[in-house]
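Enquirer: entry06.txt is reproduced in full below (compact mmCIF, N, CA and C atoms).
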# COMPACT_ATOMS: atom_id res chain seq x y z
N GLN S 1 123.94 99.07 104.15
CA GLN S 1 122.68 99.66 104.59
C GLN S 1 121.96 100.23 103.37
N VAL S 2 120.67 99.93 103.27
CA VAL S 2 119.86 100.41 102.16
C VAL S 2 118.73 101.26 102.72
N GLN S 3 118.63 102.49 102.26
CA GLN S 3 117.51 103.36 102.63
C GLN S 3 116.60 103.51 101.43
N LEU S 4 115.30 103.41 101.69
CA LEU S 4 114.30 103.44 100.62
C LEU S 4 113.34 104.59 100.82
N VAL S 5 113.04 105.30 99.73
CA VAL S 5 112.10 106.42 99.79
C VAL S 5 111.08 106.26 98.67
N GLU S 6 109.80 106.15 99.05
CA GLU S 6 108.74 106.01 98.08
C GLU S 6 108.18 107.38 97.67
N SER S 7 107.63 107.43 96.48
CA SER S 7 106.94 108.63 96.00
C SER S 7 105.93 108.21 94.94
N GLY S 8 105.04 109.14 94.59
CA GLY S 8 104.10 108.89 93.51
C GLY S 8 102.68 108.60 93.94
N GLY S 9 102.45 108.50 95.24
CA GLY S 9 101.09 108.26 95.70
C GLY S 9 100.21 109.49 95.51
N GLY S 10 98.91 109.31 95.75
CA GLY S 10 97.99 110.42 95.62
C GLY S 10 96.56 109.96 95.58
N LEU S 11 95.69 110.88 95.19
CA LEU S 11 94.26 110.62 95.08
C LEU S 11 93.89 110.45 93.61
N VAL S 12 93.20 109.38 93.30
CA VAL S 12 92.82 109.11 91.92
C VAL S 12 91.43 108.50 91.90
N GLN S 13 90.70 108.72 90.82
CA GLN S 13 89.38 108.11 90.68
C GLN S 13 89.51 106.65 90.26
N ALA S 14 88.51 105.89 90.58
CA ALA S 14 88.48 104.48 90.17
C ALA S 14 88.64 104.39 88.65
N GLY S 15 89.47 103.44 88.24
CA GLY S 15 89.79 103.28 86.83
C GLY S 15 91.03 104.02 86.39
N GLY S 16 91.54 104.88 87.25
CA GLY S 16 92.72 105.66 86.93
C GLY S 16 94.01 104.91 87.17
N SER S 17 95.12 105.63 86.99
CA SER S 17 96.45 105.02 87.11
C SER S 17 97.37 105.88 87.96
N LEU S 18 98.32 105.22 88.58
CA LEU S 18 99.41 105.89 89.30
C LEU S 18 100.67 105.07 89.10
N ARG S 19 101.82 105.73 89.17
CA ARG S 19 103.09 105.01 89.18
C ARG S 19 103.86 105.38 90.44
N LEU S 20 104.11 104.38 91.25
CA LEU S 20 104.90 104.57 92.46
C LEU S 20 106.38 104.33 92.15
N SER S 21 107.22 105.10 92.81
CA SER S 21 108.67 104.93 92.68
C SER S 21 109.27 104.66 94.05
N CYS S 22 110.32 103.87 94.06
CA CYS S 22 111.06 103.57 95.29
C CYS S 22 112.53 103.79 94.98
N ALA S 23 113.07 104.87 95.51
CA ALA S 23 114.48 105.22 95.26
C ALA S 23 115.34 104.72 96.41
N ALA S 24 116.41 104.03 96.08
CA ALA S 24 117.32 103.49 97.09
C ALA S 24 118.59 104.32 97.19
N SER S 25 119.13 104.36 98.40
CA SER S 25 120.34 105.15 98.64
C SER S 25 121.60 104.45 98.20
N ALA S 26 121.56 103.12 98.15
CA ALA S 26 122.77 102.36 97.90
C ALA S 26 122.90 101.98 96.43
N GLY S 27 124.09 102.16 95.90
CA GLY S 27 124.32 101.77 94.52
C GLY S 27 124.25 100.27 94.32
N THR S 28 124.34 99.52 95.42
CA THR S 28 124.27 98.06 95.33
C THR S 28 122.84 97.56 95.36
N PHE S 29 121.85 98.46 95.32
CA PHE S 29 120.44 98.05 95.38
C PHE S 29 120.10 97.07 94.28
N LYS S 30 120.80 97.17 93.16
CA LYS S 30 120.52 96.29 92.03
C LYS S 30 120.72 94.82 92.40
N ASN S 31 121.46 94.57 93.47
CA ASN S 31 121.75 93.20 93.87
C ASN S 31 120.72 92.62 94.84
N TYR S 32 119.69 93.42 95.16
CA TYR S 32 118.71 93.01 96.16
C TYR S 32 117.34 92.76 95.53
N GLY S 33 116.70 91.67 95.94
CA GLY S 33 115.31 91.50 95.60
C GLY S 33 114.47 92.56 96.31
N ALA S 34 113.38 92.99 95.68
CA ALA S 34 112.56 94.07 96.23
C ALA S 34 111.08 93.74 96.07
N GLY S 35 110.28 94.41 96.87
CA GLY S 35 108.85 94.17 96.81
C GLY S 35 108.05 95.38 97.21
N TRP S 36 106.77 95.34 96.89
CA TRP S 36 105.81 96.34 97.34
C TRP S 36 104.77 95.64 98.22
N PHE S 37 104.48 96.28 99.33
CA PHE S 37 103.45 95.82 100.24
C PHE S 37 102.49 96.98 100.49
N ARG S 38 101.29 96.68 100.95
CA ARG S 38 100.35 97.76 101.25
C ARG S 38 99.60 97.45 102.54
N GLN S 39 99.16 98.54 103.18
CA GLN S 39 98.43 98.38 104.43
C GLN S 39 97.27 99.36 104.45
N GLY S 40 96.06 98.80 104.40
CA GLY S 40 94.87 99.62 104.51
C GLY S 40 94.56 99.93 105.97
N THR S 41 93.70 100.89 106.19
CA THR S 41 93.34 101.28 107.55
C THR S 41 92.72 100.11 108.29
N GLY S 42 93.29 99.79 109.44
CA GLY S 42 92.77 98.69 110.24
C GLY S 42 93.07 97.31 109.71
N LYS S 43 93.94 97.23 108.71
CA LYS S 43 94.27 95.94 108.11
C LYS S 43 95.75 95.61 108.31
N GLU S 44 96.08 94.35 108.12
CA GLU S 44 97.47 93.94 108.18
C GLU S 44 98.18 94.31 106.87
N ARG S 45 99.48 94.47 106.98
CA ARG S 45 100.28 94.74 105.79
C ARG S 45 100.27 93.50 104.90
N GLU S 46 100.04 93.68 103.60
CA GLU S 46 99.94 92.55 102.70
C GLU S 46 100.84 92.72 101.49
N PHE S 47 101.23 91.60 100.94
CA PHE S 47 102.09 91.55 99.76
C PHE S 47 101.33 92.03 98.54
N VAL S 48 102.01 92.80 97.69
CA VAL S 48 101.45 93.25 96.44
C VAL S 48 102.22 92.67 95.25
N ALA S 49 103.54 92.90 95.23
CA ALA S 49 104.36 92.46 94.10
C ALA S 49 105.82 92.38 94.52
N SER S 50 106.59 91.55 93.83
CA SER S 50 108.02 91.45 94.09
C SER S 50 108.78 91.30 92.77
N ILE S 51 110.05 91.65 92.84
CA ILE S 51 110.92 91.54 91.67
C ILE S 51 112.29 91.09 92.14
N SER S 52 112.87 90.15 91.42
CA SER S 52 114.16 89.60 91.80
C SER S 52 115.28 90.58 91.49
N TRP S 53 116.45 90.37 92.09
CA TRP S 53 117.62 91.12 91.66
C TRP S 53 117.87 90.75 90.21
N GLY S 54 118.18 91.71 89.39
CA GLY S 54 118.31 91.49 87.97
C GLY S 54 117.01 91.65 87.22
N GLY S 55 115.88 91.60 87.92
CA GLY S 55 114.59 91.85 87.30
C GLY S 55 114.01 90.71 86.49
N GLY S 56 114.62 89.54 86.55
CA GLY S 56 114.17 88.47 85.69
C GLY S 56 112.94 87.72 86.17
N PHE S 57 112.58 87.91 87.43
CA PHE S 57 111.43 87.19 87.98
C PHE S 57 110.54 88.16 88.74
N THR S 58 109.25 88.12 88.46
CA THR S 58 108.29 88.95 89.17
C THR S 58 107.15 88.09 89.69
N ASP S 59 106.47 88.58 90.71
CA ASP S 59 105.36 87.87 91.31
C ASP S 59 104.34 88.89 91.79
N TYR S 60 103.06 88.51 91.77
CA TYR S 60 101.99 89.42 92.16
C TYR S 60 100.95 88.69 92.99
N THR S 61 100.31 89.42 93.86
CA THR S 61 99.15 88.86 94.52
C THR S 61 98.01 88.80 93.51
N ASP S 62 97.11 87.85 93.69
CA ASP S 62 96.08 87.60 92.68
C ASP S 62 95.22 88.83 92.38
N SER S 63 94.95 89.63 93.39
CA SER S 63 94.02 90.74 93.21
C SER S 63 94.56 91.85 92.31
N VAL S 64 95.86 91.86 92.04
CA VAL S 64 96.43 92.93 91.20
C VAL S 64 96.98 92.41 89.88
N LYS S 65 96.95 91.11 89.68
CA LYS S 65 97.46 90.55 88.42
C LYS S 65 96.70 91.11 87.23
N GLY S 66 97.46 91.52 86.21
CA GLY S 66 96.85 92.11 85.03
C GLY S 66 96.61 93.60 85.15
N ARG S 67 96.74 94.16 86.36
CA ARG S 67 96.52 95.59 86.56
C ARG S 67 97.80 96.32 87.00
N PHE S 68 98.63 95.67 87.80
CA PHE S 68 99.85 96.27 88.33
C PHE S 68 101.06 95.63 87.66
N THR S 69 102.11 96.43 87.50
CA THR S 69 103.37 95.94 86.96
C THR S 69 104.53 96.47 87.79
N ILE S 70 105.37 95.56 88.27
CA ILE S 70 106.57 95.96 89.00
C ILE S 70 107.75 95.90 88.05
N SER S 71 108.65 96.86 88.18
CA SER S 71 109.84 96.90 87.33
C SER S 71 110.96 97.58 88.10
N ARG S 72 112.15 97.52 87.56
CA ARG S 72 113.27 98.20 88.21
C ARG S 72 114.20 98.78 87.17
N ASP S 73 114.82 99.91 87.51
CA ASP S 73 115.84 100.55 86.69
C ASP S 73 117.09 100.61 87.55
N ASP S 74 117.98 99.66 87.36
CA ASP S 74 119.14 99.56 88.22
C ASP S 74 120.12 100.73 88.02
N ALA S 75 120.09 101.35 86.87
CA ALA S 75 120.95 102.52 86.66
C ALA S 75 120.52 103.68 87.55
N LYS S 76 119.24 103.69 87.93
CA LYS S 76 118.70 104.75 88.80
C LYS S 76 118.45 104.27 90.22
N ASN S 77 118.82 103.04 90.53
CA ASN S 77 118.59 102.48 91.87
C ASN S 77 117.12 102.63 92.28
N THR S 78 116.21 102.34 91.37
CA THR S 78 114.80 102.60 91.60
C THR S 78 113.95 101.41 91.17
N VAL S 79 112.95 101.13 91.98
CA VAL S 79 111.93 100.13 91.66
C VAL S 79 110.59 100.86 91.49
N TYR S 80 109.81 100.42 90.53
CA TYR S 80 108.54 101.08 90.22
C TYR S 80 107.37 100.11 90.41
N LEU S 81 106.20 100.69 90.64
CA LEU S 81 104.96 99.93 90.62
C LEU S 81 103.96 100.73 89.79
N GLN S 82 103.71 100.26 88.58
CA GLN S 82 102.71 100.88 87.72
C GLN S 82 101.36 100.27 88.06
N MET S 83 100.41 101.12 88.43
CA MET S 83 99.10 100.65 88.86
C MET S 83 98.04 101.20 87.92
N ASN S 84 97.37 100.31 87.22
CA ASN S 84 96.31 100.70 86.28
C ASN S 84 94.97 100.14 86.75
N SER S 85 93.90 100.67 86.20
CA SER S 85 92.54 100.20 86.54
C SER S 85 92.34 100.14 88.04
N LEU S 86 92.72 101.19 88.71
CA LEU S 86 92.66 101.19 90.18
C LEU S 86 91.23 101.09 90.68
N LYS S 87 91.10 100.44 91.83
CA LYS S 87 89.81 100.21 92.47
C LYS S 87 89.84 100.81 93.87
N PRO S 88 88.69 101.14 94.42
CA PRO S 88 88.67 101.67 95.79
C PRO S 88 89.35 100.74 96.80
N GLU S 89 89.27 99.45 96.57
CA GLU S 89 89.90 98.50 97.50
C GLU S 89 91.42 98.51 97.41
N ASP S 90 91.98 99.22 96.45
CA ASP S 90 93.43 99.39 96.39
C ASP S 90 93.93 100.49 97.33
N THR S 91 93.01 101.21 97.92
CA THR S 91 93.37 102.29 98.84
C THR S 91 94.18 101.75 100.01
N ALA S 92 95.37 102.32 100.22
CA ALA S 92 96.26 101.86 101.29
C ALA S 92 97.52 102.72 101.29
N VAL S 93 98.33 102.53 102.32
CA VAL S 93 99.69 103.03 102.30
C VAL S 93 100.56 101.96 101.66
N TYR S 94 101.30 102.35 100.63
CA TYR S 94 102.14 101.41 99.90
C TYR S 94 103.60 101.58 100.35
N HIS S 95 104.19 100.44 100.73
CA HIS S 95 105.57 100.43 101.20
C HIS S 95 106.46 99.65 100.25
N CYS S 96 107.63 100.19 100.01
CA CYS S 96 108.66 99.48 99.27
C CYS S 96 109.56 98.77 100.28
N ALA S 97 110.10 97.60 99.89
CA ALA S 97 110.96 96.85 100.78
C ALA S 97 112.03 96.11 99.99
N ALA S 98 113.12 95.81 100.66
CA ALA S 98 114.21 95.03 100.06
C ALA S 98 114.61 93.93 101.02
N VAL S 99 115.02 92.81 100.46
CA VAL S 99 115.44 91.69 101.29
C VAL S 99 116.77 91.99 101.96
N HIS S 100 117.12 91.19 102.97
CA HIS S 100 118.33 91.46 103.76
C HIS S 100 119.60 91.12 103.02
N THR S 101 119.57 90.02 102.29
CA THR S 101 120.81 89.49 101.72
C THR S 101 120.81 89.65 100.21
N PRO S 102 121.86 90.23 99.65
CA PRO S 102 121.91 90.37 98.19
C PRO S 102 122.02 89.02 97.49
N PHE S 103 121.61 89.01 96.27
CA PHE S 103 121.69 87.82 95.40
C PHE S 103 120.86 86.66 95.92
N THR S 104 119.76 87.01 96.63
CA THR S 104 118.78 86.00 97.02
C THR S 104 117.44 86.39 96.44
N GLY S 105 116.51 85.47 96.48
CA GLY S 105 115.23 85.70 95.83
C GLY S 105 114.35 86.68 96.56
N ALA S 106 113.40 87.27 95.85
CA ALA S 106 112.36 88.12 96.43
C ALA S 106 111.10 87.28 96.56
N THR S 107 110.47 87.34 97.72
CA THR S 107 109.32 86.49 97.98
C THR S 107 108.08 87.32 98.29
N SER S 108 107.00 86.62 98.61
CA SER S 108 105.76 87.29 99.02
C SER S 108 105.64 87.35 100.54
N VAL S 109 106.67 86.90 101.25
CA VAL S 109 106.63 86.81 102.70
C VAL S 109 107.17 88.07 103.34
N LEU S 110 106.37 88.74 104.13
CA LEU S 110 106.75 90.01 104.72
C LEU S 110 108.03 89.89 105.55
N ASP S 111 108.17 88.81 106.31
CA ASP S 111 109.31 88.66 107.20
C ASP S 111 110.63 88.44 106.46
N ASP S 112 110.58 88.18 105.17
CA ASP S 112 111.80 88.01 104.39
C ASP S 112 112.46 89.34 104.04
N TYR S 113 111.71 90.44 104.28
CA TYR S 113 112.20 91.76 103.91
C TYR S 113 112.77 92.48 105.12
N TYR S 114 113.88 93.16 104.90
CA TYR S 114 114.62 93.78 106.01
C TYR S 114 114.62 95.29 105.94
N TYR S 115 114.71 95.82 104.74
CA TYR S 115 114.76 97.28 104.56
C TYR S 115 113.39 97.75 104.10
N TRP S 116 112.90 98.82 104.73
CA TRP S 116 111.55 99.32 104.45
C TRP S 116 111.57 100.83 104.26
N GLY S 117 110.73 101.29 103.36
CA GLY S 117 110.50 102.72 103.23
C GLY S 117 109.36 103.15 104.14
N GLN S 118 109.13 104.46 104.22
CA GLN S 118 108.12 105.02 105.10
C GLN S 118 106.71 104.86 104.53
N GLY S 119 106.61 104.69 103.23
CA GLY S 119 105.30 104.49 102.62
C GLY S 119 104.77 105.73 101.93
N THR S 120 103.87 105.49 100.99
CA THR S 120 103.19 106.57 100.28
C THR S 120 101.71 106.23 100.17
N GLN S 121 100.86 107.21 100.44
CA GLN S 121 99.42 106.97 100.50
C GLN S 121 98.82 106.95 99.09
N VAL S 122 98.04 105.92 98.83
CA VAL S 122 97.25 105.83 97.60
C VAL S 122 95.78 105.78 98.00
N THR S 123 95.01 106.70 97.46
CA THR S 123 93.58 106.75 97.75
C THR S 123 92.82 106.72 96.43
N VAL S 124 91.92 105.74 96.31
CA VAL S 124 91.13 105.58 95.09
C VAL S 124 89.67 105.87 95.43
N SER S 125 89.12 106.87 94.80
CA SER S 125 87.73 107.25 95.07
C SER S 125 86.80 106.56 94.08
N SER S 126 85.59 106.27 94.54
CA SER S 126 84.62 105.56 93.69
C SER S 126 83.77 106.54 92.89
Could I get this structure in the form of structure tokens?
Expert:
Amino acid sequence: QVQLVESGGGLVQAGGSLRLSCAASAGTFKNYGAGWFRQGTGKEREFVASISWGGGFTDYTDSVKGRFTISRDDAKNTVYLQMNSLKPEDTAVYHCAAVHTPFTGATSVLDDYYYWGQGTQVTVSS
């Protein structure tokens, strides 16, 4: 069982930066692919970024490429999302997620993820 807790959200002006953290309860988290998803008000939850177990492969949705960076520190059981050049359209609740089965790939498909955090609010003002 993997429990995930996000932190680092907040209010920032357009052009600013935030770093989100996702801390996992299980020491085996390093063996799981992980991702970040976001859900704006009245919108469906959408893929933002993913990182494979081991950290060797990352993927991003087109709208955040070049601005966001996903990374992981397996010694701390934590996945990060560094967000730069934030835009008002980035405003959403950001959720961390992990896939169900260890040693499998991390994808952009929401249904591939089994463990979810409660989310952290990111608000970007114009």
Enquirer: Using only N, CA and C atoms, find each residue of region 1-49 of chain S with at least one atom at most 7 Å away from an atom of region 65-80 of chain S; report its shortest atom-to-atom pair and that distance in Å (one decimal), sort the rows by chain and rising residue number, and return the result as a Markdown table.
Expert:
| residue | atom | partner | partner_atom | distance |
| --- | --- | --- | --- | --- |
| S:Arg19 | C | S:Tyr80 | C | 6.3 |
| S:Leu20 | C | S:Tyr80 | CA | 4.4 |
| S:Ser21 | CA | S:Tyr80 | CA | 4.6 |
| S:Cys22 | N | S:Val79 | C | 4.0 |
| S:Ala23 | CA | S:Thr78 | CA | 4.5 |
| S:Ala24 | N | S:Asn77 | C | 4.1 |
| S:Ser25 | N | S:Asn77 | C | 6.7 |
| S:Ala26 | C | S:Asn77 | CA | 6.3 |
| S:Gly27 | CA | S:Asn77 | CA | 6.4 |
| S:Phe29 | CA | S:Asn77 | CA | 5.9 |
| S:Lys30 | CA | S:Asp74 | CA | 5.2 |
| S:Ala49 | CA | S:Ile70 | CA | 6.6 |
Enquirer: Those same residues - N, CA and C atoms - I'd like them written as a compact mmCIF listing (two decimals), keeping the file's coordinate frame.
Expert:
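For reference, selection16.txt as written:
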# COMPACT_ATOMS: atom_id res chain seq x y z
N ARG S 19 101.82 105.73 89.17
CA ARG S 19 103.09 105.01 89.18
C ARG S 19 103.86 105.38 90.44
N LEU S 20 104.11 104.38 91.25
CA LEU S 20 104.90 104.57 92.46
C LEU S 20 106.38 104.33 92.15
N SER S 21 107.22 105.10 92.81
CA SER S 21 108.67 104.93 92.68
C SER S 21 109.27 104.66 94.05
N CYS S 22 110.32 103.87 94.06
CA CYS S 22 111.06 103.57 95.29
C CYS S 22 112.53 103.79 94.98
N ALA S 23 113.07 104.87 95.51
CA ALA S 23 114.48 105.22 95.26
C ALA S 23 115.34 104.72 96.41
N ALA S 24 116.41 104.03 96.08
CA ALA S 24 117.32 103.49 97.09
C ALA S 24 118.59 104.32 97.19
N SER S 25 119.13 104.36 98.40
CA SER S 25 120.34 105.15 98.64
C SER S 25 121.60 104.45 98.20
N ALA S 26 121.56 103.12 98.15
CA ALA S 26 122.77 102.36 97.90
C ALA S 26 122.90 101.98 96.43
N GLY S 27 124.09 102.16 95.90
CA GLY S 27 124.32 101.77 94.52
C GLY S 27 124.25 100.27 94.32
N PHE S 29 121.85 98.46 95.32
CA PHE S 29 120.44 98.05 95.38
C PHE S 29 120.10 97.07 94.28
N LYS S 30 120.80 97.17 93.16
CA LYS S 30 120.52 96.29 92.03
C LYS S 30 120.72 94.82 92.40
N ALA S 49 103.54 92.90 95.23
CA ALA S 49 104.36 92.46 94.10
C ALA S 49 105.82 92.38 94.52
Enquirer: Taking only C-alpha atoms into account, name the residue in S:Ala92, S:Val99, S:Leu81, S:Leu11 that is nearest to Tyr32 (chain S).
Expert: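 Smallest distance to Tyr32 (chain S) is found for S:Val99.
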Enquirer: DSSP on the backbone: what in region 3-55 of chain S comes out helix (DSSP H, G or I), as a tab-separated table (two decimals) with N, CA and C atoms, in the frame of the given file?
Expert:
chain	number	residue	atom	x	y	z
S	27	GLY	N	124.09	102.16	95.90
S	27	GLY	CA	124.32	101.77	94.52
S	27	GLY	C	124.25	100.27	94.32
S	28	THR	N	124.34	99.52	95.42
S	28	THR	CA	124.27	98.06	95.33
S	28	THR	C	122.84	97.56	95.36
S	29	PHE	N	121.85	98.46	95.32
S	29	PHE	CA	120.44	98.05	95.38
S	29	PHE	C	120.10	97.07	94.28
S	30	LYS	N	120.80	97.17	93.16
S	30	LYS	CA	120.52	96.29	92.03
S	30	LYS	C	120.72	94.82	92.40
S	31	ASN	N	121.46	94.57	93.47
S	31	ASN	CA	121.75	93.20	93.87
S	31	ASN	C	120.72	92.62	94.84
Enquirer: Show me, as a ChimeraX atom specification, the residues that have an atom within 6.5 Å of Gly119 (chain S) when counting all atoms listed in the file, minus same-chain residues fewer than 6 positions from it.
Expert: /S:6-7,93-96
Enquirer: Which one of S:Val2, S:Gly15, S:Gly10, S:Trp36 sits closest to Val122 (chain S) if you count only C-alpha atoms?
Expert: S:Gly10
Enquirer: Near Asp90 (chain S), within 7 Å and counting all atoms listed in the file, which residues show up once chain neighbours fewer than 4 positions away are dropped, as a PDB file with N, CA and C atoms, in the frame of the given file?
Expert:
ATOM      1  N   LEU S  86      92.720 101.190  88.710  1.00  0.00           N
ATOM      2  CA  LEU S  86      92.660 101.190  90.180  1.00  0.00           C
ATOM      3  C   LEU S  86      91.230 101.090  90.680  1.00  0.00           C
ATOM      4  N   VAL S 122      98.040 105.920  98.830  1.00  0.00           N
ATOM      5  CA  VAL S 122      97.250 105.830  97.600  1.00  0.00           C
ATOM      6  C   VAL S 122      95.780 105.780  98.000  1.00  0.00           C
ATOM      7  N   THR S 123      95.010 106.700  97.460  1.00  0.00           N
ATOM      8  CA  THR S 123      93.580 106.750  97.750  1.00  0.00           C
ATOM      9  C   THR S 123      92.820 106.720  96.430  1.00  0.00           C
ATOM     10  N   VAL S 124      91.920 105.740  96.310  1.00  0.00           N
ATOM     11  CA  VAL S 124      91.130 105.580  95.090  1.00  0.00           C
ATOM     12  C   VAL S 124      89.670 105.870  95.430  1.00  0.00           C
TER      13      VAL S 124
END
Enquirer: Starting from 8 Å padding per side, set up an axis-aligned box that covers all listed atoms of region 69-86 of chain S and hand over centre and edge lengths in Å, one decimal, as JSON.
Expert:
{"center_x": 106.1, "center_y": 100.2, "center_z": 89.2, "size_x": 45.7, "size_y": 25.2, "size_z": 22.1}
Enquirer: For atom N of Thr58 (chain S) and CA of Glu89 (chain S), quote the distance in Å rounded to one decimal.
Expert: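 Atom-to-atom, atom N of Thr58 (chain S) to CA of Glu89 (chain S), that is 23.7 Å.
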Enquirer: Work out how far apart CA of Leu4 (chain S) and CA of Ser125 (chain S) are and give it in Å to one decimal.
Expert: 27.4 Å
Enquirer: Among region 5-36 of chain S, which ones does DSSP assign to strand (DSSP E or B) (computed from the backbone)? Answer as a PyMOL selection string.
Expert: chain S and resi 5-7+10-13+18-24+34-36
Enquirer: To one decimal in Å, tell me the separation between atom N of Asp111 (chain S) and atom N of Met83 (chain S).
Expert: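 We find that atom N of Asp111 (chain S) and atom N of Met83 (chain S) lie 23.1 Å from each other.
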Enquirer: Which residues are close to Ser50 (chain S), i.e. within 9 Å by only C-alpha atoms, leaving aside same-chain residues fewer than 3 positions away? Reply as a PyMOL selection string.
Expert: chain S and resi 33-37+47+57-60+70-71+106-108
Enquirer: In terms of the shortest atom-to-atom distance over all atoms listed in the file, which of S:Arg38, S:Val48, S:Asp112, S:Ala98 is closest to Thr61 (chain S)?
Expert: S:Val48
Enquirer: Skipping near chain neighbours, those fewer than 3 positions away, what residues fall within 6.5 Å of Gly16 (chain S) using only N, CA and C atoms, listed as a PyMOL selection string?
Expert: chain S and resi 12-13+83-87
Enquirer: Those same residues, written as a short mmCIF file (atom, residue, chain, number, x, y, z; two decimals), in the frame of the given file with N, CA and C atoms?
Expert:
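The result, stored in part-v4.cif:
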data_model
loop_
_atom_site.label_atom_id
_atom_site.label_comp_id
_atom_site.auth_asym_id
_atom_site.auth_seq_id
_atom_site.Cartn_x
_atom_site.Cartn_y
_atom_site.Cartn_z
N VAL S 12 93.20 109.38 93.30
CA VAL S 12 92.82 109.11 91.92
C VAL S 12 91.43 108.50 91.90
N GLN S 13 90.70 108.72 90.82
CA GLN S 13 89.38 108.11 90.68
C GLN S 13 89.51 106.65 90.26
N MET S 83 100.41 101.12 88.43
CA MET S 83 99.10 100.65 88.86
C MET S 83 98.04 101.20 87.92
N ASN S 84 97.37 100.31 87.22
CA ASN S 84 96.31 100.70 86.28
C ASN S 84 94.97 100.14 86.75
N SER S 85 93.90 100.67 86.20
CA SER S 85 92.54 100.20 86.54
C SER S 85 92.34 100.14 88.04
N LEU S 86 92.72 101.19 88.71
CA LEU S 86 92.66 101.19 90.18
C LEU S 86 91.23 101.09 90.68
N LYS S 87 91.10 100.44 91.83
CA LYS S 87 89.81 100.21 92.47
C LYS S 87 89.84 100.81 93.87
#
